[in-house]
>>> print(open('start36.cif').read())   # mmCIF, C-alpha atoms
data_query
#
loop_
_atom_site.group_PDB
_atom_site.id
_atom_site.type_symbol
_atom_site.label_atom_id
_atom_site.label_comp_id
_atom_site.auth_asym_id
_atom_site.auth_seq_id
_atom_site.Cartn_x
_atom_site.Cartn_y
_atom_site.Cartn_z
ATOM 1 C CA MET P 1 63.753 -33.316 -17.797
ATOM 2 C CA LEU P 2 62.461 -35.184 -20.830
ATOM 3 C CA ILE P 3 64.948 -37.991 -20.247
ATOM 4 C CA LYS P 4 63.772 -38.331 -16.636
ATOM 5 C CA PHE P 5 60.151 -38.539 -17.756
ATOM 6 C CA LEU P 6 60.923 -41.070 -20.492
ATOM 7 C CA TYR P 7 62.839 -43.183 -17.996
ATOM 8 C CA LEU P 8 59.786 -43.184 -15.712
ATOM 9 C CA VAL P 9 57.713 -44.413 -18.649
ATOM 10 C CA PHE P 10 60.321 -47.115 -19.218
ATOM 11 C CA ALA P 11 60.147 -48.124 -15.530
ATOM 12 C CA TYR P 12 56.354 -48.369 -15.693
ATOM 13 C CA LEU P 13 56.424 -50.389 -18.932
ATOM 14 C CA CYS P 14 59.143 -52.631 -17.497
ATOM 15 C CA GLY P 15 56.981 -53.253 -14.439
ATOM 16 C CA SER P 16 54.003 -53.903 -16.702
ATOM 17 C CA ILE P 17 55.603 -56.847 -18.501
ATOM 18 C CA PRO P 18 53.266 -59.723 -17.504
ATOM 19 C CA PHE P 19 55.771 -62.520 -17.039
ATOM 20 C CA ALA P 20 53.217 -64.713 -15.255
ATOM 21 C CA TYR P 21 50.893 -64.432 -18.268
ATOM 22 C CA ILE P 22 53.723 -64.991 -20.764
ATOM 23 C CA VAL P 23 55.218 -68.021 -18.987
ATOM 24 C CA ALA P 24 51.803 -69.657 -18.483
ATOM 25 C CA LYS P 25 51.038 -69.210 -22.188
ATOM 26 C CA VAL P 26 54.408 -70.601 -23.274
ATOM 27 C CA VAL P 27 54.516 -73.557 -20.850
ATOM 28 C CA LYS P 28 50.889 -74.702 -20.782
ATOM 29 C CA LYS P 29 49.147 -72.468 -23.299
ATOM 30 C CA VAL P 30 46.703 -71.198 -20.666
ATOM 31 C CA ASP P 31 45.649 -67.732 -19.565
ATOM 32 C CA ILE P 32 46.902 -67.455 -15.980
ATOM 33 C CA ARG P 33 43.995 -65.110 -15.245
ATOM 34 C CA LYS P 34 41.562 -67.975 -15.902
ATOM 35 C CA VAL P 35 43.158 -70.666 -13.742
ATOM 36 C CA GLY P 36 43.757 -71.030 -10.022
ATOM 37 C CA SER P 37 43.212 -67.798 -8.125
ATOM 38 C CA GLY P 38 43.134 -65.806 -11.372
ATOM 39 C CA ASN P 39 45.950 -63.572 -10.141
ATOM 40 C CA PRO P 40 48.707 -62.974 -12.731
ATOM 41 C CA GLY P 41 51.508 -63.428 -10.237
ATOM 42 C CA THR P 42 54.214 -65.799 -9.033
ATOM 43 C CA THR P 43 52.169 -67.767 -6.500
ATOM 44 C CA ASN P 44 49.403 -68.614 -8.943
ATOM 45 C CA VAL P 45 51.982 -69.759 -11.495
ATOM 46 C CA PHE P 46 53.583 -72.010 -8.861
ATOM 47 C CA ARG P 47 50.201 -73.547 -8.041
ATOM 48 C CA SER P 48 48.670 -73.750 -11.502
ATOM 49 C CA ILE P 49 51.621 -74.205 -13.866
ATOM 50 C CA GLY P 50 54.461 -75.706 -11.821
ATOM 51 C CA LYS P 51 57.482 -74.993 -9.642
ATOM 52 C CA GLY P 52 59.880 -74.421 -12.537
ATOM 53 C CA ALA P 53 57.579 -71.905 -14.161
ATOM 54 C CA GLY P 54 56.993 -70.247 -10.798
ATOM 55 C CA ILE P 55 60.721 -69.811 -10.196
ATOM 56 C CA VAL P 56 61.158 -68.249 -13.648
ATOM 57 C CA VAL P 57 58.299 -65.797 -13.045
ATOM 58 C CA PHE P 58 59.620 -64.920 -9.580
ATOM 59 C CA ALA P 59 63.095 -64.212 -10.997
ATOM 60 C CA PHE P 60 61.842 -62.032 -13.851
ATOM 61 C CA ASP P 61 59.285 -60.190 -11.717
ATOM 62 C CA THR P 62 62.081 -59.394 -9.256
ATOM 63 C CA LEU P 63 64.412 -58.247 -12.031
ATOM 64 C CA LYS P 64 61.814 -55.951 -13.587
ATOM 65 C CA GLY P 65 61.727 -54.085 -10.279
ATOM 66 C CA PHE P 66 65.471 -54.187 -9.665
ATOM 67 C CA ILE P 67 66.797 -53.118 -13.073
ATOM 68 C CA PRO P 68 64.967 -49.766 -13.523
ATOM 69 C CA VAL P 69 65.804 -48.661 -9.965
ATOM 70 C CA PHE P 70 69.419 -49.834 -10.094
ATOM 71 C CA PHE P 71 70.112 -47.880 -13.284
ATOM 72 C CA ALA P 72 68.110 -44.795 -12.272
ATOM 73 C CA ILE P 73 71.299 -43.399 -10.720
ATOM 74 C CA PHE P 74 72.625 -42.764 -14.243
ATOM 75 C CA ILE P 75 69.633 -40.532 -14.972
ATOM 76 C CA ASP P 76 69.463 -38.680 -11.652
ATOM 77 C CA ASN P 77 71.739 -39.477 -8.727
ATOM 78 C CA SER P 78 69.173 -38.753 -6.020
ATOM 79 C CA PHE P 79 67.203 -41.026 -3.740
ATOM 80 C CA SER P 80 64.021 -39.060 -4.459
ATOM 81 C CA TYR P 81 64.180 -39.829 -8.174
ATOM 82 C CA SER P 82 64.964 -43.493 -7.487
ATOM 83 C CA VAL P 83 61.849 -43.611 -5.294
ATOM 84 C CA ILE P 84 59.731 -42.240 -8.131
ATOM 85 C CA VAL P 85 61.219 -44.817 -10.519
ATOM 86 C CA ALA P 86 60.564 -47.563 -7.969
ATOM 87 C CA THR P 87 56.960 -46.419 -7.630
ATOM 88 C CA ALA P 88 56.518 -46.510 -11.414
ATOM 89 C CA ALA P 89 57.831 -50.091 -11.572
ATOM 90 C CA ILE P 90 55.597 -51.332 -8.739
ATOM 91 C CA VAL P 91 52.531 -49.556 -10.141
ATOM 92 C CA GLY P 92 53.346 -51.071 -13.526
ATOM 93 C CA HIS P 93 53.244 -54.567 -12.044
ATOM 94 C CA MET P 94 50.042 -53.962 -10.090
ATOM 95 C CA PHE P 95 48.282 -52.051 -12.872
ATOM 96 C CA PRO P 96 49.904 -53.225 -16.139
ATOM 97 C CA ILE P 97 48.864 -51.574 -19.364
ATOM 98 C CA PHE P 98 49.336 -54.921 -21.141
ATOM 99 C CA LEU P 99 46.680 -56.687 -19.002
ATOM 100 C CA ASN P 100 44.030 -53.964 -18.878
ATOM 101 C CA PHE P 101 45.533 -52.574 -15.649
ATOM 102 C CA LYS P 102 44.779 -55.753 -13.668
ATOM 103 C CA GLY P 103 48.059 -57.167 -12.422
ATOM 104 C CA GLY P 104 49.746 -58.946 -9.551
ATOM 105 C CA LYS P 105 50.187 -57.979 -5.922
ATOM 106 C CA GLY P 106 53.639 -56.472 -6.209
ATOM 107 C CA VAL P 107 55.610 -58.689 -3.835
ATOM 108 C CA ALA P 108 58.321 -60.001 -6.187
ATOM 109 C CA THR P 109 58.625 -56.676 -8.015
ATOM 110 C CA GLY P 110 58.729 -54.892 -4.669
ATOM 111 C CA LEU P 111 61.533 -57.225 -3.632
ATOM 112 C CA GLY P 112 63.536 -56.189 -6.685
ATOM 113 C CA VAL P 113 62.853 -52.507 -6.107
ATOM 114 C CA PHE P 114 63.988 -52.581 -2.487
ATOM 115 C CA LEU P 115 67.002 -54.776 -3.229
ATOM 116 C CA ALA P 116 68.199 -51.862 -5.342
ATOM 117 C CA LEU P 117 67.073 -49.100 -2.953
ATOM 118 C CA MET P 118 67.898 -50.503 0.495
ATOM 119 C CA PRO P 119 69.447 -53.997 0.319
ATOM 120 C CA LEU P 120 69.816 -54.787 4.026
ATOM 121 C CA PRO P 121 66.218 -53.994 5.144
ATOM 122 C CA CYS P 122 64.964 -55.810 2.044
ATOM 123 C CA LEU P 123 66.950 -58.951 2.867
ATOM 124 C CA VAL P 124 65.687 -58.843 6.463
ATOM 125 C CA ALA P 125 62.088 -58.580 5.216
ATOM 126 C CA PHE P 126 62.706 -61.426 2.752
ATOM 127 C CA MET P 127 64.059 -63.665 5.507
ATOM 128 C CA VAL P 128 60.997 -62.856 7.625
ATOM 129 C CA PHE P 129 58.803 -63.804 4.672
ATOM 130 C CA GLY P 130 60.623 -67.127 4.336
ATOM 131 C CA LEU P 131 60.295 -67.901 8.031
ATOM 132 C CA VAL P 132 56.584 -67.055 8.222
ATOM 133 C CA PHE P 133 55.884 -68.942 5.008
ATOM 134 C CA LEU P 134 57.709 -72.081 6.126
ATOM 135 C CA LEU P 135 56.045 -72.059 9.538
ATOM 136 C CA SER P 136 52.510 -71.258 8.377
ATOM 137 C CA GLY P 137 52.330 -72.436 4.778
ATOM 138 C CA TYR P 138 50.666 -69.150 3.789
ATOM 139 C CA VAL P 139 52.364 -67.070 1.087
ATOM 140 C CA ALA P 140 49.983 -64.168 1.709
ATOM 141 C CA LEU P 141 50.723 -64.091 5.440
ATOM 142 C CA GLY P 142 54.452 -64.154 4.768
ATOM 143 C CA SER P 143 54.079 -61.306 2.271
ATOM 144 C CA ILE P 144 52.027 -59.177 4.674
ATOM 145 C CA VAL P 145 54.398 -59.686 7.617
ATOM 146 C CA ALA P 146 57.402 -58.995 5.380
ATOM 147 C CA ALA P 147 55.770 -55.777 4.148
ATOM 148 C CA VAL P 148 55.297 -54.628 7.753
ATOM 149 C CA THR P 149 58.877 -55.618 8.587
ATOM 150 C CA LEU P 150 60.421 -53.546 5.782
ATOM 151 C CA PRO P 151 59.950 -50.009 7.190
ATOM 152 C CA LEU P 152 60.876 -51.248 10.672
ATOM 153 C CA ALA P 153 64.086 -52.787 9.315
ATOM 154 C CA ALA P 154 64.825 -49.547 7.432
ATOM 155 C CA TYR P 155 64.414 -47.572 10.659
ATOM 156 C CA PHE P 156 66.689 -49.839 12.708
ATOM 157 C CA ALA P 157 69.256 -49.924 9.882
ATOM 158 C CA GLY P 158 69.589 -46.157 10.205
ATOM 159 C CA TYR P 159 67.900 -45.046 6.994
ATOM 160 C CA GLY P 160 66.491 -41.527 6.819
ATOM 161 C CA LEU P 161 62.899 -40.361 6.914
ATOM 162 C CA GLU P 162 62.316 -40.489 3.143
ATOM 163 C CA PRO P 163 63.271 -44.176 2.698
ATOM 164 C CA ILE P 164 61.239 -45.128 5.762
ATOM 165 C CA ILE P 165 58.145 -43.260 4.553
ATOM 166 C CA PHE P 166 58.452 -44.773 1.077
ATOM 167 C CA SER P 167 58.898 -48.315 2.412
ATOM 168 C CA PHE P 168 55.889 -47.786 4.677
ATOM 169 C CA ALA P 169 53.769 -46.523 1.749
ATOM 170 C CA ALA P 170 54.847 -49.462 -0.426
ATOM 171 C CA ALA P 171 54.030 -51.858 2.418
ATOM 172 C CA MET P 172 50.536 -50.373 2.787
ATOM 173 C CA LEU P 173 49.955 -50.706 -0.966
ATOM 174 C CA ILE P 174 51.020 -54.359 -0.941
ATOM 175 C CA ILE P 175 48.827 -55.068 2.087
ATOM 176 C CA CYS P 176 45.845 -53.415 0.363
ATOM 177 C CA LYS P 177 46.380 -55.687 -2.641
ATOM 178 C CA HIS P 178 46.128 -58.630 -0.223
ATOM 179 C CA LYS P 179 42.734 -57.531 1.123
ATOM 180 C CA ALA P 180 40.962 -60.665 -0.142
ATOM 181 C CA ASN P 181 43.718 -62.861 1.297
ATOM 182 C CA ILE P 182 43.374 -61.159 4.675
ATOM 183 C CA MET P 183 39.656 -61.934 4.727
ATOM 184 C CA ARG P 184 40.345 -65.583 3.812
ATOM 185 C CA LEU P 185 43.005 -65.810 6.520
ATOM 186 C CA LYS P 186 40.516 -64.399 9.007
ATOM 187 C CA ASN P 187 37.908 -66.955 7.912
ATOM 188 C CA CYS P 188 40.468 -69.804 7.801
ATOM 189 C CA THR P 189 39.763 -70.393 4.102
ATOM 190 C CA GLU P 190 43.108 -69.259 2.658
ATOM 191 C CA ASN P 191 44.916 -71.996 0.728
ATOM 192 C CA ARG P 192 48.137 -73.290 2.216
ATOM 193 C CA PHE P 193 51.052 -73.607 -0.136
ATOM 194 C CA LYS P 194 54.254 -75.413 0.781
ATOM 195 C CA ILE P 195 57.191 -75.999 -1.489
ATOM 196 C CA LEU P 196 58.644 -78.619 0.806
ATOM 197 C CA LYS P 197 56.032 -81.243 1.541
ATOM 198 C CA ARG P 198 56.333 -83.487 4.557
ATOM 199 C CA LYS P 199 56.236 -87.210 3.982
#
>>> encode(input="start36.cif", output="structure tokens")
Amino acid sequence: MLIKFLYLVFAYLCGSIPFAYIVAKVVKKVDIRKVGSGNPGTTNVFRSIGKGAGIVVFAFDTLKGFIPVFFAIFIDNSFSYSVIVATAAIVGHMFPIFLNFKGGKGVATGLGVFLALMPLPCLVAFMVFGLVFLLSGYVALGSIVAAVTLPLAAYFAGYGLEPIIFSFAAAMLIICKHKANIMRLKNCTENRFKILKRK
């Protein structure tokens, strides 16, 4: 029981590692919370620091969700425990102890978590994100649509009630973290962000 609890603490601390903050400090010696949107996440690093830095943050934020969940099976071989570990990692990213509990929006870390938990629905949601993002230029819109897609993809892939409920709850949490983006999308003031620029 103690090992399970300590592993949950590890998952939370792993999720709390502020890679966006660290990379921004190393690359440009700036506090990512004081530039751009102020959000310590992948998108703000892409915009404010650069594509290379953004890719690094995206990769590490994904891994910090994937690794704790992937190895949770060695602590307790049950989906329920993996879900609790996944929750700890996502909460760690959104409310990191290292940044006074003010973190990112959980998209990249959520991607890592669900790659470990339910790979096929996660890949479907990721492809939906890519499509919406490329067509609209809005990262937030792609993230929101992908979050909604995840539980639907889990249902059609034949997953049970527990995975579907968890993916739905995670989607709602991610959408709630995008509340300000939703208002800006509604008011047509959300910033577009395209990796591939047209000539």
>>> closest_residue(input="start36.cif", among="P:Lys34, P:Leu117, P:Ile164, P:Val139", to="Ser78 of chain P", atoms="all atoms listed in the file")
P:Leu117
>>> resolve_selection(input="start36.cif", expression="the PyMOL selection byres ((chain P and resi 49-63) around 8)", output="NGL selection string")
:P and (15 or 19-20 or 23-24 or 27-28 or 41-48 or 64-67 or 108-113)
>>> residues_near_point(input="start36.cif", point="(66.2, -47.8, 9.2)", cutoff="12 Å", atoms="all atoms listed in the file", output="PyMOL selection string")
chain P and resi 118-122+124+149-168
>>> axis_aligned_box(input="start36.cif", around="segment 13-28 of chain P", padding_each_side="4 Å", output="AutoDock Vina command-line options")
--center_x 55.0 --center_y -62.5 --center_z -18.9 --size_x 16.3 --size_y 32.3 --size_z 16.8
>>> atom_distance(input="start36.cif", atom1="atom CA of Phe193 of chain P", atom2="atom CA of Gly142 of chain P")
11.2 Å
>>> closest_residue(input="start36.cif", among="P:Leu2, P:Glu190, P:Lys105, P:Arg184", to="Met172 of chain P", atoms="only C-alpha atoms")
P:Lys105
>>> residues_around(input="start36.cif", residues="Leu8 of chain P", least_positions_apart="3", cutoff="6 Å", atoms="all atoms listed in the file", output="PyMOL selection string")
chain P and resi 5+11+85
>>> atom_distance(input="start36.cif", atom1="atom CA of Ser143 of chain P", atom2="atom CA of Phe71 of chain P")
26.1 Å
>>> atom_distance(input="start36.cif", atom1="atom CA of Asn187 of chain P", atom2="atom CA of Leu134 of chain P")
20.5 Å
>>> closest_residue(input="start36.cif", among="P:Cys188, P:Asp76, P:Val30, P:Phe129", to="Met1 of chain P", atoms="only C-alpha atoms")
P:Asp76
>>> closest_residue(input="start36.cif", among="P:Met94, P:Asn100, P:Tyr12, P:Ile32", to="Pro68 of chain P", atoms="only C-alpha atoms")
P:Tyr12
>>> residues_around(input="start36.cif", residues="Lys102 of chain P", least_positions_apart="2", cutoff="10 Å", atoms="only C-alpha atoms", output="PyMOL selection string")
chain P and resi 16+33+39-40+92-100+104-105
>>> closest_residue(input="start36.cif", among="P:Ala140, P:Tyr21, P:Lys29, P:Ala72", to="Ile182 of chain P", atoms="all atoms listed in the file")
P:Ala140
